[in-house]
Amino acid sequence: MRRFLRSSTMIASAIGICVAAGSAVAEQVASAQPGDADIAAMKKLYVRPTEIPFPKDNAYAPAKAELGKTLFFDPRLSRSGVQACVSCHNPSFGWEDGHKTAVGENMLVLGRNSPTIINRAWGEIFFWDGRAESLEKQATGPITAAGEMNTPMDVLIDRLKGISGYQKKFDEVFPGEGITEKNIAASIATFERTIVSAEAPFDRWVAGDEKAVSEDAKRGFVLFNTKANCVSCHSGWTFTDDSFHDIGLTATDDVGRAKIVPGVPELQYAFKTPGLRNIDQRAPYMHDGSMATLEDVVRHYVDGIEQRPSLDAEMKPLALNDQEVKDLVAFMETLTGQDRPMTLPVLP
């Protein structure tokens, strides 16, 4: 049920940290100045994992990840030979594209902002509306979508089979199987799982370096977990519950999760919670790219929420002053680290 709706008492992190503990801490300190023990308890909810999880049916292999990277950067995966996966998920923009909404084949402007692929190894469900339940299913969705890369899978397979370098790579990674839809998806998903945000100033602060972040950011962290209640959706080390919420953006004909799971009123205008790692590289914000800055995002929760029956129960206008808004932004800016530069593959 969590993939359809999120319980307000269940804000589980992707690495199994107990949510109830986080909620209890928040309740204890929401109306009082938190002490060192309170802040230490909150920090424990965001400790970085030490390993990347890979599914048993698509285990990690260096050659598979390298093949996936090659496919990810290859525009020949699109029908026109112009669009590649990286066109919408560019490492220079936090693995988004810097546009309000994505641009597909023949410069078609699409309806939603390109979501990042950062830390998707810990994801539970994919796309803004959750229409893919695995990263493997997500990997091929944009390739075959008519408005995006517009390549039917049989056309793509024939095209790749006509490139001797790809035939060799697939035979090496998938002996006896070669180029198939399953193996294309497995390769791209494996590469995507390796895209993990680097250690950020926030992580160093969590680990004990009190000078790693500013006092403004420290106040913002407390607000995030208490008065502002951002943690109710942005939980765990990736800062997302991977669930769906109507957060009161201006209504359009895009109903979000409700199109995938009809008949559940709470899912009307509900979209998946984005993670916050490297968030200051990923403007503009929201599923429709409607907000240009992080301050715009925070102020939406202060005075911009559109009231309607499907509005998430946690969405109540926040009584934040200007300094508190700035403190929250200062905290979110500490979630960006120095990621290792991405090298370009040599295409076969």
# chains A, B, ... in the order shown; residues from 1 in each chain; ligands from 1

$ select_by_dssp --residues "region 102-346 of chain A" --states "alpha helix (DSSP H)" --output "number ranges by chain"
A: 135-144, 153-161, 164-173, 181-193, 201-206, 215-225, 257-260, 294-303, 322-333

$ write_last_selection --atoms "C-alpha atoms" --output "PDB file, in the first residue's frame"
ATOM      1  CA  LEU A 135      14.740   0.374 -12.625  1.00  0.00           C
ATOM      2  CA  GLU A 136      14.925  -2.166 -15.462  1.00  0.00           C
ATOM      3  CA  LYS A 137      11.385  -1.274 -16.560  1.00  0.00           C
ATOM      4  CA  GLN A 138      12.172   2.407 -16.221  1.00  0.00           C
ATOM      5  CA  ALA A 139      15.308   2.080 -18.339  1.00  0.00           C
ATOM      6  CA  THR A 140      13.504   1.158 -21.554  1.00  0.00           C
ATOM      7  CA  GLY A 141      10.349   3.230 -21.039  1.00  0.00           C
ATOM      8  CA  PRO A 142      11.664   6.503 -22.529  1.00  0.00           C
ATOM      9  CA  ILE A 143      13.355   4.656 -25.398  1.00  0.00           C
ATOM     10  CA  THR A 144      10.102   3.245 -26.734  1.00  0.00           C
ATOM     11  CA  MET A 153      12.148  -2.220 -29.269  1.00  0.00           C
ATOM     12  CA  ASP A 154      12.367  -4.464 -32.329  1.00  0.00           C
ATOM     13  CA  VAL A 155      13.803  -1.536 -34.328  1.00  0.00           C
ATOM     14  CA  LEU A 156      16.358  -0.843 -31.617  1.00  0.00           C
ATOM     15  CA  ILE A 157      17.442  -4.472 -31.358  1.00  0.00           C
ATOM     16  CA  ASP A 158      17.916  -4.704 -35.122  1.00  0.00           C
ATOM     17  CA  ARG A 159      19.868  -1.451 -35.098  1.00  0.00           C
ATOM     18  CA  LEU A 160      22.212  -2.605 -32.329  1.00  0.00           C
ATOM     19  CA  LYS A 161      22.710  -5.980 -34.005  1.00  0.00           C
ATOM     20  CA  SER A 164      29.526  -5.102 -34.637  1.00  0.00           C
ATOM     21  CA  GLY A 165      30.938  -3.423 -31.551  1.00  0.00           C
ATOM     22  CA  TYR A 166      27.637  -3.833 -29.713  1.00  0.00           C
ATOM     23  CA  GLN A 167      27.328  -7.449 -30.795  1.00  0.00           C
ATOM     24  CA  LYS A 168      30.731  -8.127 -29.254  1.00  0.00           C
ATOM     25  CA  LYS A 169      29.954  -6.269 -26.025  1.00  0.00           C
ATOM     26  CA  PHE A 170      26.611  -8.014 -25.492  1.00  0.00           C
ATOM     27  CA  ASP A 171      28.125 -11.428 -26.237  1.00  0.00           C
ATOM     28  CA  GLU A 172      30.813 -10.779 -23.619  1.00  0.00           C
ATOM     29  CA  VAL A 173      28.406  -9.559 -20.927  1.00  0.00           C
ATOM     30  CA  GLU A 181      15.268  -6.194 -24.594  1.00  0.00           C
ATOM     31  CA  LYS A 182      15.960  -7.739 -21.195  1.00  0.00           C
ATOM     32  CA  ASN A 183      19.714  -7.329 -21.568  1.00  0.00           C
ATOM     33  CA  ILE A 184      19.446  -3.757 -22.814  1.00  0.00           C
ATOM     34  CA  ALA A 185      17.337  -2.909 -19.760  1.00  0.00           C
ATOM     35  CA  ALA A 186      19.641  -4.799 -17.382  1.00  0.00           C
ATOM     36  CA  SER A 187      22.714  -2.984 -18.675  1.00  0.00           C
ATOM     37  CA  ILE A 188      21.252   0.531 -18.483  1.00  0.00           C
ATOM     38  CA  ALA A 189      19.753  -0.133 -15.033  1.00  0.00           C
ATOM     39  CA  THR A 190      23.098  -1.421 -13.755  1.00  0.00           C
ATOM     40  CA  PHE A 191      24.829   1.746 -14.917  1.00  0.00           C
ATOM     41  CA  GLU A 192      22.116   3.919 -13.385  1.00  0.00           C
ATOM     42  CA  ARG A 193      22.536   2.191 -10.017  1.00  0.00           C
ATOM     43  CA  PRO A 201      29.042  18.692   3.826  1.00  0.00           C
ATOM     44  CA  PHE A 202      25.904  17.410   5.537  1.00  0.00           C
ATOM     45  CA  ASP A 203      27.352  13.884   5.683  1.00  0.00           C
ATOM     46  CA  ARG A 204      30.524  15.188   7.291  1.00  0.00           C
ATOM     47  CA  TRP A 205      28.437  17.017   9.867  1.00  0.00           C
ATOM     48  CA  VAL A 206      26.436  13.853  10.575  1.00  0.00           C
ATOM     49  CA  GLU A 215      24.850  27.668  11.761  1.00  0.00           C
ATOM     50  CA  ASP A 216      22.076  28.659   9.337  1.00  0.00           C
ATOM     51  CA  ALA A 217      22.134  25.143   7.876  1.00  0.00           C
ATOM     52  CA  LYS A 218      22.057  23.567  11.346  1.00  0.00           C
ATOM     53  CA  ARG A 219      18.955  25.579  12.198  1.00  0.00           C
ATOM     54  CA  GLY A 220      17.487  24.560   8.851  1.00  0.00           C
ATOM     55  CA  PHE A 221      18.090  20.886   9.639  1.00  0.00           C
ATOM     56  CA  VAL A 222      16.141  21.202  12.885  1.00  0.00           C
ATOM     57  CA  LEU A 223      13.318  23.007  11.073  1.00  0.00           C
ATOM     58  CA  PHE A 224      13.322  20.301   8.388  1.00  0.00           C
ATOM     59  CA  ASN A 225      12.723  17.636  11.023  1.00  0.00           C
ATOM     60  CA  ARG A 257      -0.521   8.808  -9.882  1.00  0.00           C
ATOM     61  CA  ALA A 258      -4.316   8.759 -10.255  1.00  0.00           C
ATOM     62  CA  LYS A 259      -3.935   7.860 -13.938  1.00  0.00           C
ATOM     63  CA  ILE A 260      -1.920   4.758 -13.013  1.00  0.00           C
ATOM     64  CA  LEU A 294      14.727  26.435  -3.699  1.00  0.00           C
ATOM     65  CA  GLU A 295      13.366  29.507  -1.954  1.00  0.00           C
ATOM     66  CA  ASP A 296      10.352  29.391  -4.301  1.00  0.00           C
ATOM     67  CA  VAL A 297       9.824  25.773  -3.259  1.00  0.00           C
ATOM     68  CA  VAL A 298       9.911  26.548   0.463  1.00  0.00           C
ATOM     69  CA  ARG A 299       7.609  29.548   0.072  1.00  0.00           C
ATOM     70  CA  HIS A 300       5.091  27.346  -1.710  1.00  0.00           C
ATOM     71  CA  TYR A 301       4.609  25.518   1.573  1.00  0.00           C
ATOM     72  CA  VAL A 302       4.278  28.821   3.431  1.00  0.00           C
ATOM     73  CA  ASP A 303       1.552  30.463   1.373  1.00  0.00           C
ATOM     74  CA  ASP A 322      12.040  34.950   6.190  1.00  0.00           C
ATOM     75  CA  GLN A 323      15.038  33.777   8.216  1.00  0.00           C
ATOM     76  CA  GLU A 324      13.564  30.299   8.643  1.00  0.00           C
ATOM     77  CA  VAL A 325      12.982  30.061   4.888  1.00  0.00           C
ATOM     78  CA  LYS A 326      16.631  30.980   4.326  1.00  0.00           C
ATOM     79  CA  ASP A 327      17.749  28.462   6.950  1.00  0.00           C
ATOM     80  CA  LEU A 328      15.884  25.641   5.214  1.00  0.00           C
ATOM     81  CA  VAL A 329      17.477  26.559   1.884  1.00  0.00           C
ATOM     82  CA  ALA A 330      20.905  26.728   3.562  1.00  0.00           C
ATOM     83  CA  PHE A 331      20.375  23.217   4.905  1.00  0.00           C
ATOM     84  CA  MET A 332      19.331  21.799   1.521  1.00  0.00           C
ATOM     85  CA  GLU A 333      22.416  23.330  -0.072  1.00  0.00           C
TER      86      GLU A 333
END

$ residues_around --residues "Leu311 (chain A)" --least-positions-apart "3" --cutoff "9 Å" --atoms "only C-alpha atoms" --output "ChimeraX atom specification"
/A:245-248,266-270,305-308,314-315

$ atom_distance --atom1 "CA of Ile163 (chain A)" --atom2 "CA of Leu344 (chain A)"
19.0 Å

$ atom_distance --atom1 "CA of Gly94 (chain A)" --atom2 "CA of Leu335 (chain A)"
12.0 Å

$ select_by_dssp --residues "region 269-312 of chain A" --states "strand (DSSP E or B)" --output "PyMOL selection string"
chain A and resi 270-272+285+291

$ write_last_selection --atoms "N, CA and C atoms" --output "PDB file, in the first residue's frame"
ATOM      1  N   ALA A 270      -1.305  13.548  -7.341  1.00  0.00           N
ATOM      2  CA  ALA A 270      -0.198  13.073  -6.504  1.00  0.00           C
ATOM      3  C   ALA A 270       0.978  12.662  -7.381  1.00  0.00           C
ATOM      4  N   PHE A 271       2.152  13.147  -7.024  1.00  0.00           N
ATOM      5  CA  PHE A 271       3.382  12.823  -7.739  1.00  0.00           C
ATOM      6  C   PHE A 271       4.431  12.341  -6.749  1.00  0.00           C
ATOM      7  N   LYS A 272       5.403  11.614  -7.264  1.00  0.00           N
ATOM      8  CA  LYS A 272       6.403  10.996  -6.393  1.00  0.00           C
ATOM      9  C   LYS A 272       7.307  12.046  -5.755  1.00  0.00           C
ATOM     10  N   TYR A 285      12.317  23.207 -10.353  1.00  0.00           N
ATOM     11  CA  TYR A 285      11.818  22.190  -9.437  1.00  0.00           C
ATOM     12  C   TYR A 285      10.333  21.869  -9.646  1.00  0.00           C
ATOM     13  N   MET A 291       8.896  25.895 -10.494  1.00  0.00           N
ATOM     14  CA  MET A 291       9.568  26.729  -9.503  1.00  0.00           C
ATOM     15  C   MET A 291      11.050  26.817  -9.812  1.00  0.00           C
TER      16      MET A 291
END

$ closest_atom_pairs --of "region 227-341 of chain A" --to "region 106-130 of chain A" --cutoff "10 Å" --atoms "only C-alpha atoms" --output "tab-separated table"
residue	atom	partner	partner_atom	distance
A:Trp237	CA	A:Asn119	CA	9.7
A:Thr238	CA	A:Asn119	CA	6.9
A:Thr240	CA	A:Gly123	CA	9.0
A:Asp241	CA	A:Glu124	CA	9.0
A:Asp242	CA	A:Glu124	CA	6.3
A:Ser243	CA	A:Ile125	CA	8.1
A:Phe244	CA	A:Asp129	CA	7.7
A:Asp254	CA	A:Gly111	CA	8.3
A:Val255	CA	A:Asp129	CA	9.0
A:Gly256	CA	A:Asp129	CA	5.2
A:Arg257	CA	A:Asp129	CA	4.5
A:Ala258	CA	A:Asp129	CA	8.1
A:Lys259	CA	A:Asp129	CA	8.0
A:Ile260	CA	A:Asp129	CA	7.0
A:Val261	CA	A:Asp129	CA	9.3
A:Leu267	CA	A:Asp129	CA	9.7
A:Tyr269	CA	A:Asp129	CA	9.5
A:Ala270	CA	A:Asp129	CA	7.7
A:Phe271	CA	A:Trp128	CA	5.4
A:Lys272	CA	A:Trp128	CA	5.0
A:Thr273	CA	A:Trp128	CA	8.0
A:Pro274	CA	A:Pro115	CA	7.7
A:Gly275	CA	A:Asn119	CA	8.3
A:Leu276	CA	A:Ile118	CA	9.6
A:Arg277	CA	A:Ile118	CA	7.7
A:Asn278	CA	A:Ile118	CA	8.4
A:Ile279	CA	A:Thr116	CA	9.5
A:Arg282	CA	A:Thr116	CA	7.9
A:Ala283	CA	A:Asn113	CA	9.7
A:Pro284	CA	A:Asn113	CA	8.1
A:Tyr285	CA	A:Asn113	CA	7.7
A:Met286	CA	A:Asn113	CA	7.2
A:His287	CA	A:Asn113	CA	5.2
A:Asp288	CA	A:Arg112	CA	4.9
A:Gly289	CA	A:Asn113	CA	5.3
A:Ser290	CA	A:Asn113	CA	9.0

$ residues_around --residues "Thr70 (chain A)" --least-positions-apart "2" --cutoff "9 Å" --atoms "only C-alpha atoms" --output "NGL selection string"
:A and (65-68 or 72-74 or 188 or 344-348)

$ write_last_selection --atoms "C-alpha atoms" --output "short mmCIF file (atom, residue, chain, number, x, y, z; two decimals), in the first residue's frame"
data_model
loop_
_atom_site.label_atom_id
_atom_site.label_comp_id
_atom_site.auth_asym_id
_atom_site.auth_seq_id
_atom_site.Cartn_x
_atom_site.Cartn_y
_atom_site.Cartn_z
CA ALA A 65 27.77 -1.27 -16.06
CA GLU A 66 30.15 -0.09 -18.77
CA LEU A 67 27.85 -1.44 -21.48
CA GLY A 68 24.93 0.32 -19.83
CA PHE A 72 22.99 5.60 -21.96
CA PHE A 73 25.16 8.06 -23.90
CA ASP A 74 24.38 6.73 -27.40
CA ILE A 188 21.25 0.53 -18.48
CA LEU A 344 32.27 10.02 -21.89
CA PRO A 345 32.31 6.51 -23.37
CA VAL A 346 33.73 5.74 -26.79
CA LEU A 347 30.74 4.52 -28.79
CA PRO A 348 31.07 1.35 -30.91
#

$ atom_distance --atom1 "CA of Val231 (chain A)" --atom2 "CA of Leu45 (chain A)"
9.9 Å
